[in-house]
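A.B. asks: Submitted below is the structure of interest, expressed as structure tokens.
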Amino acid sequence: MKASTLGTICLTVAAGLMSTSAIADTSDKRIALSNNYAGNSWRQAMLTSWEKVGGSAVSDGTVAAADAFTTAENQVTEQAAQIQNLILQGYDAIVINAASPEGLNGAVKEACDAGVVVVSFDGIVTEPCAYRIAVDFKNMGKVQVEYLAGRIDGGDLLEIRGLAGVFVDDEISAGIHEGVAENAQFKIQGSVHGDWAQDVAQKAVAGILPSLPEIKAVVTQGGDGYGAAQAFKAAGRPTPIIVMGNRHDELTWWKEQKDANGYETMSVSIAPGVSTLAFWVAQQVLDGKEVPQDLSVPFLTITQDTLEVSLSNTQAGGVANVEYSLDDAKAVISGN
Amino acid sequence: MTALIQKPWIWAWIGAVSMWLIITIVTDIGAGAEVMSAAASFGTFFVIVAIGQMFVITLGPGNVDLSIPACMTLSATLAMKFMNGDPSLLLPGLLISLGVGLVIGTLNFLLILFLRIPPIIATLSASFLYQSTAIWSNRGLRVKPPELLGDFAVAKVFGVPFLTLAALVLTVAMAFLLHRTRFGLSVLSIGQNQKAAKLAGVRVERVRFVTYVMCAVLAAICGFFLAGFSGGAALNMGEQYLLMSIAVVVIGGTSVAGGFANLTGLWGASLFMFLLVSMLNTFGLSAGFRLIFTGAIIVAVIVISGRKT
């Protein structure tokens, strides 16, 4: 412990003496990922991306460690305890996908006070000392309606929401409703919760569909488009424009429809590789770079023209993904 | 008429029929028929897991299987991965699924018997093991079922889903098992008074073992067909089925305290749970309202059934 503290001081002094362009060395820095949930394909892809990019950063000697930790129960208290453990284990930076925006603030503050860099992403934390890589979820809902406005004259929509009571669900839905308010030719005829799961979405849509008029389009939150398509098929209804969410089965279905009858739609979601962006941001902060507290990450949109490329780049059964490089992170940091 | 009112399963059916009537009245009879067909399709999956849960709960206080979601996920994940879309492997795939159920049921029981862990804790903690195995085996990738399985899972005979018919046959068989066989009567007698049952010569642990295994095997089968039905196994595919399996059993008129069970109510309760959500969605009521409503109904049913006995 003493030796490493001494080493850190030496390095800091050396870096300070060496130049003013802050070429601090992060090769002895250890970064941890504190993750609240791993029980779906998106989270699994997120962890795989982290392992891949973090692992190669470790073998390159860019950082000393990039370890991932996931809590079992997706609970705030559990994750807070996990963060306290990570502080005690002496990590230099903790990257967090948080179970709650406010619930972890106490633990995050402790980390900051202990001199640990905290970067939150996807599930962000509101504690001011942490860095946030947020997704404009609201806009993710709104672009769907804007896309539809460009495609059709108007009509009745079905909205598939996510998991009730979760911040992301409220945000995307608010964006969709904002889009509909601005495009009065559309009307949301029904709204169901699909929990971001194909089988749940399929069940919910099958239940409400008989009571709905003809649906022109389905606005979604990702992970529910294929289930919706199955429900429309089972009910013997014409297939509406279903906005997809970048899952492999959704893209495969879209490609089949496109080849069979020229079906057109769009697909939008967040790349699970956003965890790697958070990794590089943490590395940059440790490197002594000036990084704004609030950053935003673009969502990943797939269009009619990019469908084939995206599909071939997506692992079978997985989610369309982008892994970020150090240069991408620098671009995101300077872009703000 | 009064005899009918006193049946424990009647309330679930009254609930289901009234939900259906409301939906049919605000829309039309065509929509009513469609929504009924959908309710039968999805209700079938609830019934399959609820049958197993019902036998477990009937064993008496403290008996419940919380590993159902993990069992469904693991069974579906391993079977889909093994078949990898090849229809000729359908039978071995189903056998793998059954095997997963057998192993999980046995493990659950061994934890309860030898480590003397209460069933709630044993099945809950073991479910982390099963879920983690599912994650580890396929990292959440969604493997498509063989087309044949998918077609079979959605096939209909005269508008009635084939799986529903199969589950009805299963229900009749299970009703026979419960009310007419030594095993079923043993389950009921253990639930009514474990000590008396033991003194009367019922081999309590053997009956418990078979019950937990049966519950896990049914969950595994449900996972297998649900994956076929919805286009693949997913890590969170079982999530809804934990609460649902218990709610369906309780609302269906099976005693939470054990010792009294009936299968007729499972169907009424399964249809009711599906139609309730559809009805609330049709009226555009929020998810929060739906959860409050569901909770209130479960509490009410327990209070009513508790008062009677």
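To be explicit about the labels: the chains of the structure tokens are called A, B, and onward in the order shown, and within each one the residues are counted from 1, while ligands get numbers from 1 in the order they are shown.
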If you run DSSP on this backbone, which residues of range 102-184 of chain B come out as helix (DSSP H, G or I), and could you give them as a PyMOL selection string?
C.D. replies: chain B and resi 102-114+119-138+147-154+162-180+182-184
A.B. asks: Using only C-alpha atoms, tabulate the residues of chain B lying at most 6 Å from any atom of chain A, each with its closest atom pair and that distance in Å to one decimal, by chain and increasing residue number, as JSON lines.
C.D. replies:
{"residue": "B:Thr27", "atom": "CA", "partner": "A:Ser211", "partner_atom": "CA", "distance": 5.6}
{"residue": "B:Ala31", "atom": "CA", "partner": "A:Pro210", "partner_atom": "CA", "distance": 4.6}
{"residue": "B:Glu34", "atom": "CA", "partner": "A:Pro210", "partner_atom": "CA", "distance": 5.9}
{"residue": "B:Val35", "atom": "CA", "partner": "A:Pro210", "partner_atom": "CA", "distance": 5.9}
{"residue": "B:Arg139", "atom": "CA", "partner": "A:Gln44", "partner_atom": "CA", "distance": 5.9}
{"residue": "B:Gly140", "atom": "CA", "partner": "A:Ser41", "partner_atom": "CA", "distance": 4.4}
{"residue": "B:Leu141", "atom": "CA", "partner": "A:Gly317", "partner_atom": "CA", "distance": 4.5}
{"residue": "B:Arg142", "atom": "CA", "partner": "A:Gly317", "partner_atom": "CA", "distance": 4.0}
{"residue": "B:Val143", "atom": "CA", "partner": "A:Gly317", "partner_atom": "CA", "distance": 5.6}
{"residue": "B:Ser230", "atom": "CA", "partner": "A:Asp199", "partner_atom": "CA", "distance": 5.2}
{"residue": "B:Leu235", "atom": "CA", "partner": "A:Asn40", "partner_atom": "CA", "distance": 5.2}
{"residue": "B:Asn236", "atom": "CA", "partner": "A:Asn40", "partner_atom": "CA", "distance": 6.0}
{"residue": "B:Ser278", "atom": "CA", "partner": "A:Gly207", "partner_atom": "CA", "distance": 4.9}
{"residue": "B:Thr282", "atom": "CA", "partner": "A:Ile208", "partner_atom": "CA", "distance": 5.9}
A.B. asks: Next, dump the selected residues to file, keeping only C-alpha atoms, as a PDB file, in the first residue's frame.
C.D. replies:
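Output contents, as saved in part12.pdb:
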ATOM      1  CA  THR B  27     -65.837  -3.584 -28.705  1.00  0.00           C
ATOM      2  CA  ALA B  31     -63.240  -8.900 -31.026  1.00  0.00           C
ATOM      3  CA  GLU B  34     -60.437 -13.054 -30.890  1.00  0.00           C
ATOM      4  CA  VAL B  35     -59.500 -11.970 -27.401  1.00  0.00           C
ATOM      5  CA  ARG B 139     -24.668 -15.440 -22.700  1.00  0.00           C
ATOM      6  CA  GLY B 140     -28.247 -14.383 -23.418  1.00  0.00           C
ATOM      7  CA  LEU B 141     -28.107 -15.015 -27.149  1.00  0.00           C
ATOM      8  CA  ARG B 142     -31.538 -15.812 -28.509  1.00  0.00           C
ATOM      9  CA  VAL B 143     -31.459 -19.072 -30.451  1.00  0.00           C
ATOM     10  CA  SER B 230     -42.293 -16.626 -28.878  1.00  0.00           C
ATOM     11  CA  LEU B 235     -32.895 -14.854 -20.092  1.00  0.00           C
ATOM     12  CA  ASN B 236     -35.887 -12.947 -18.759  1.00  0.00           C
ATOM     13  CA  SER B 278     -56.358  -6.813 -21.747  1.00  0.00           C
ATOM     14  CA  THR B 282     -58.371  -1.542 -23.647  1.00  0.00           C
TER      15      THR B 282
END
A.B. asks: When you draw a straight line from CA of Asn139 in chain A to CA of Gly262 in chain A, how long is it in Å?
C.D. replies: 27.4 Å
A.B. asks: Have a look at B:Phe283, B:Gly295, B:Asn262, B:Met237 and name the one nearest to Gly223 in chain A; count only C-alpha atoms.
C.D. replies: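 Of the candidates, the smallest distance to Gly223 in chain A is held by B:Met237.
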A.B. asks: Using CA of Pro118 in chain B and CA of Glu205 in chain B as the two end points, give the distance in Å to one decimal.
C.D. replies: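 Separating CA of Pro118 in chain B from CA of Glu205 in chain B is a distance of 14.0 Å.
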A.B. asks: Find the spatial neighbours of range 273-276 of chain A, counting only C-alpha atoms, within a cut-off of 8 Å - ignore same-chain residues fewer than 6 positions away - and output them as a ChimeraX atom specification.
C.D. replies: /A:45-47,49-50,53-54,121-122,297,321-325
A.B. asks: Could the residues in this selection be saved with C-alpha atoms as an mmCIF file, in the first residue's frame?
C.D. replies:
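Result file is result14.cif:
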data_model
loop_
_atom_site.group_PDB
_atom_site.id
_atom_site.type_symbol
_atom_site.label_atom_id
_atom_site.label_comp_id
_atom_site.auth_asym_id
_atom_site.auth_seq_id
_atom_site.Cartn_x
_atom_site.Cartn_y
_atom_site.Cartn_z
ATOM 1 C CA ALA A 45 -23.633 -7.842 -24.769
ATOM 2 C CA MET A 46 -22.697 -4.850 -22.622
ATOM 3 C CA LEU A 47 -20.561 -7.068 -20.379
ATOM 4 C CA SER A 49 -18.015 -5.526 -24.924
ATOM 5 C CA TRP A 50 -16.515 -4.394 -21.634
ATOM 6 C CA VAL A 53 -12.227 -3.614 -24.826
ATOM 7 C CA GLY A 54 -11.164 -3.571 -21.178
ATOM 8 C CA PHE A 121 -23.717 5.484 -18.032
ATOM 9 C CA ASP A 122 -27.073 4.105 -19.265
ATOM 10 C CA VAL A 297 -24.045 9.292 -26.396
ATOM 11 C CA ASN A 321 -23.535 -3.218 -31.206
ATOM 12 C CA VAL A 322 -20.788 -0.647 -31.501
ATOM 13 C CA GLU A 323 -17.643 -0.767 -29.419
ATOM 14 C CA TYR A 324 -16.017 2.575 -28.824
ATOM 15 C CA SER A 325 -12.340 3.309 -29.205
#
A.B. asks: Give me, please, the distance in Å between CA of Ile135 in chain B and CA of Gly105 in chain B, quoted to one decimal.
C.D. replies: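 Taking CA of Ile135 in chain B and CA of Gly105 in chain B, their separation equals 19.5 Å.
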A.B. asks: With distances taken over only C-alpha atoms, which of B:Ile190, B:Ile302, B:Ala39, B:Met19 is nearest to Arg206 in chain B?
C.D. replies: B:Ile190
